[in-house]
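Before any comments, here is the structure.
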Amino acid sequence: MSLIKYLKKVMLAGFSYLPSELKIFIYRCMGATIGKNTELGFGSFILPFDFDFKKIHIGNDVIVEDGVHILSKNVFLGNGTQIKNNTKISGQSDFLAGKNVYVDQECHFDLRRDISLGDDVVISGGCWFYTHMVFHSVLEGAPFKLGPIIIDERTYFGANVFVLPGI
């Protein structure tokens with residue numbers, strides 16, 4: 001690992017453990033749009049893939065709890081959205097969550113393509129959202145599928161659900 005990559009990781013780790021109010025202040029100074037009554041938990045961070053913080057839009061009354069990592073091209077979290085502990089959202093595409101979205105703890109979102117969650121969506125703990133799919137080696141001729149995931153409003157996912165591309 002290069003020295004610059006190492007230093008970036010150390011700085012990000014240190015930043016994620018700042019108090020919520022200080023993190024929000026820094027995000028706003030860097031160009032992010034963050035509404036009122038928003039909380040960013042201990043060890044959590046939201047990072048645009050290209051470090052353009054103007055691509056972060058967070059509404060009012062949003063709660064991102066401890067240990068949540070969001071790394072994506074564009075981030076939109078609507079009013080009243082809650083993302084619980086240790087959820088990981090990462091990739092080079094967009095993550096969009098409407099109003100009053102609830103994502104329980106330890107969910108994983110793969111952003112090789114966009115993921116869009118409508119208003120009032122509830123995702124229980126341990127769910128995995130994959131925007132790519134392959135079961136065997138592509139080199140041996142297995143099919144490879146990429147596709148966005150778009151979830152309409154008022155949808156409920158029980159615990160440990162796997163959602164595959166094109167849904």
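By convention here, the chains of the structure tokens are called A, B, ... in the order presented, each chain's residues are numbered starting at 1, and ligands are numbered starting at 1 in the order presented.
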task = Please provide the set of residues having any atom within 10 Å of Leu18 of chain A, restricted to only C-alpha atoms, with same-chain residues fewer than 5 positions apart removed, written as a ChimeraX atom specification.
result = /A:13,23-24,40-45
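The coordinates place atom CA of Val75 of chain A at 9.9 Å from atom CA of Phe49 of chain A.
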key: Asn86 of chain A environment, 7 Å, only C-alpha atoms, sequence neighbours closer than 3 positions dropped, as a PyMOL selection string   = chain A and resi 66-68+105-106
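The nearest approach to Asn85 of chain A among the residues A:Leu111, A:Ala32, A:Phe53, A:Gly125, with only C-alpha atoms taken into account, belongs to A:Gly125.
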request  = Assign secondary structure with DSSP using the backbone only, and return the residues of chain A in helix (DSSP H, G or I) as a ChimeraX atom specification.
outcome  = /A:3-16,20-29,53-55,138-140
query = Using only C-alpha atoms, which residues sit within 10 Å of Asp52 of chain A once same-chain residues fewer than 6 positions away are excluded, as a ChimeraX atom specification?
reply = /A:30-32,73-74
key: Length of the atom CA of Met133 of chain A to atom CA of Cys107 of chain A vector [Å]   = 17.6 Å
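With only C-alpha atoms taken into account, the protein and nucleic acid residues at most 8 Å from Ile89 of chain A (excluding it and anything under 4 positions from it in its own chain) are His69, Ile70, Leu71, Ser72, Phe95, His108, Phe109, Asp110 and Leu111 of chain A.
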Store the residues picked out above, limited to N, CA, C and O atoms, as a compact mmCIF listing (two decimals), in the first residue's frame.
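And here's out-v4.txt as it stands now:
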# COMPACT_ATOMS: atom_id res chain seq x y z
N HIS A 69 -20.81 2.88 7.08
CA HIS A 69 -19.87 3.37 6.06
C HIS A 69 -20.62 3.52 4.75
O HIS A 69 -21.20 2.55 4.25
N ILE A 70 -20.62 4.73 4.20
CA ILE A 70 -21.25 4.98 2.91
C ILE A 70 -20.20 5.57 1.98
O ILE A 70 -19.65 6.63 2.24
N LEU A 71 -19.91 4.85 0.91
CA LEU A 71 -18.97 5.29 -0.12
C LEU A 71 -19.67 5.11 -1.45
O LEU A 71 -19.93 3.98 -1.88
N SER A 72 -20.06 6.22 -2.10
CA SER A 72 -20.78 6.12 -3.36
C SER A 72 -20.57 7.37 -4.21
O SER A 72 -20.02 8.35 -3.75
N PHE A 95 -26.58 6.02 -4.41
CA PHE A 95 -27.47 5.46 -3.39
C PHE A 95 -28.49 6.53 -3.05
O PHE A 95 -28.14 7.61 -2.58
N HIS A 108 -25.95 -4.77 3.83
CA HIS A 108 -24.88 -4.50 2.87
C HIS A 108 -25.50 -4.14 1.52
O HIS A 108 -26.39 -4.83 1.05
N PHE A 109 -24.99 -3.05 0.93
CA PHE A 109 -25.47 -2.58 -0.36
C PHE A 109 -24.27 -2.48 -1.29
O PHE A 109 -23.35 -1.71 -1.04
N ASP A 110 -24.29 -3.26 -2.39
CA ASP A 110 -23.23 -3.23 -3.40
C ASP A 110 -23.66 -2.25 -4.49
O ASP A 110 -24.70 -2.43 -5.11
N LEU A 111 -22.87 -1.20 -4.71
CA LEU A 111 -23.24 -0.15 -5.66
C LEU A 111 -22.44 -0.23 -6.96
O LEU A 111 -21.92 0.77 -7.42
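Using only C-alpha atoms for every distance, the candidate list A:Trp128, A:Pro48, A:Pro19, A:Leu117 yields A:Leu117 as the residue closest to Arg154 of chain A.
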When you look at Thr131 of chain A with a cut-off of 12 Å (counting only C-alpha atoms), what residues show up, excluding the ones that are within fewer than 4 positions of it in the same chain? I need them as a short mmCIF file (atom, residue, chain, number, x, y, z; two decimals) with N, CA and C atoms, in the first residue's frame.
data_model
loop_
_atom_site.label_atom_id
_atom_site.label_comp_id
_atom_site.auth_asym_id
_atom_site.auth_seq_id
_atom_site.Cartn_x
_atom_site.Cartn_y
_atom_site.Cartn_z
N ILE A 89 -22.50 0.54 2.73
CA ILE A 89 -23.04 0.92 1.42
C ILE A 89 -21.85 1.39 0.61
N SER A 90 -21.46 0.64 -0.44
CA SER A 90 -20.25 1.04 -1.14
C SER A 90 -20.26 0.65 -2.61
N GLY A 91 -19.62 1.51 -3.40
CA GLY A 91 -19.47 1.28 -4.83
C GLY A 91 -19.40 2.59 -5.58
N GLN A 92 -19.29 2.51 -6.90
CA GLN A 92 -19.08 3.71 -7.69
C GLN A 92 -20.37 4.28 -8.27
N SER A 93 -21.53 3.83 -7.83
CA SER A 93 -22.81 4.33 -8.33
C SER A 93 -23.57 5.09 -7.24
N ASP A 94 -24.83 5.42 -7.52
CA ASP A 94 -25.63 6.25 -6.62
C ASP A 94 -26.41 5.44 -5.60
N PHE A 95 -26.58 6.02 -4.41
CA PHE A 95 -27.47 5.46 -3.39
C PHE A 95 -28.49 6.53 -3.05
N HIS A 108 -25.95 -4.77 3.83
CA HIS A 108 -24.88 -4.50 2.87
C HIS A 108 -25.50 -4.14 1.52
N PHE A 109 -24.99 -3.05 0.93
CA PHE A 109 -25.47 -2.58 -0.36
C PHE A 109 -24.27 -2.48 -1.29
N ASP A 110 -24.29 -3.26 -2.39
CA ASP A 110 -23.23 -3.23 -3.40
C ASP A 110 -23.66 -2.25 -4.49
N LEU A 111 -22.87 -1.20 -4.71
CA LEU A 111 -23.24 -0.15 -5.66
C LEU A 111 -22.44 -0.23 -6.96
N ARG A 112 -22.37 -1.39 -7.57
CA ARG A 112 -21.78 -1.44 -8.91
C ARG A 112 -22.74 -0.75 -9.88
N ARG A 113 -24.02 -0.75 -9.55
CA ARG A 113 -25.06 0.01 -10.25
C ARG A 113 -25.88 0.72 -9.17
N ASP A 114 -26.76 1.63 -9.58
CA ASP A 114 -27.54 2.44 -8.64
C ASP A 114 -28.50 1.60 -7.81
N ILE A 115 -28.71 2.05 -6.58
CA ILE A 115 -29.76 1.50 -5.73
C ILE A 115 -30.64 2.65 -5.29
N SER A 116 -31.95 2.49 -5.49
CA SER A 116 -32.91 3.53 -5.16
C SER A 116 -34.01 2.92 -4.29
N PHE A 144 -22.82 -13.27 -16.50
CA PHE A 144 -22.57 -12.20 -15.54
C PHE A 144 -23.64 -11.15 -15.75
N LYS A 145 -24.29 -10.75 -14.68
CA LYS A 145 -25.39 -9.80 -14.81
C LYS A 145 -25.13 -8.59 -13.92
N LEU A 146 -25.31 -7.40 -14.49
CA LEU A 146 -25.27 -6.15 -13.75
C LEU A 146 -26.61 -5.46 -13.94
N GLY A 147 -27.09 -4.79 -12.91
CA GLY A 147 -28.33 -4.05 -13.05
C GLY A 147 -28.64 -3.27 -11.79
N PRO A 148 -29.38 -2.17 -11.94
CA PRO A 148 -29.75 -1.37 -10.77
C PRO A 148 -30.80 -2.10 -9.94
N ILE A 149 -30.99 -1.62 -8.74
CA ILE A 149 -32.07 -2.09 -7.87
C ILE A 149 -32.95 -0.90 -7.56
N ILE A 150 -34.23 -1.01 -7.89
CA ILE A 150 -35.18 0.07 -7.63
C ILE A 150 -36.32 -0.51 -6.80
N PHE A 162 -31.76 -11.54 0.42
CA PHE A 162 -30.81 -11.20 -0.63
C PHE A 162 -31.60 -10.64 -1.80
N VAL A 163 -31.23 -9.45 -2.25
CA VAL A 163 -31.88 -8.83 -3.40
C VAL A 163 -30.85 -8.76 -4.52
N LEU A 164 -31.21 -9.28 -5.69
CA LEU A 164 -30.27 -9.40 -6.80
C LEU A 164 -30.54 -8.33 -7.85
N PRO A 165 -29.64 -8.15 -8.83
CA PRO A 165 -29.75 -7.05 -9.79
C PRO A 165 -31.02 -7.11 -10.63
N GLY A 166 -31.47 -5.93 -11.03
CA GLY A 166 -32.61 -5.84 -11.92
C GLY A 166 -33.96 -5.85 -11.22
N ILE A 167 -33.98 -5.85 -9.90
CA ILE A 167 -35.23 -5.86 -9.15
C ILE A 167 -35.85 -4.48 -9.21
#
query = Between atom CA of Asp50 of chain A and atom CA of Asp152 of chain A, what is the distance, to one decimal in Å?
reply = 28.1 Å
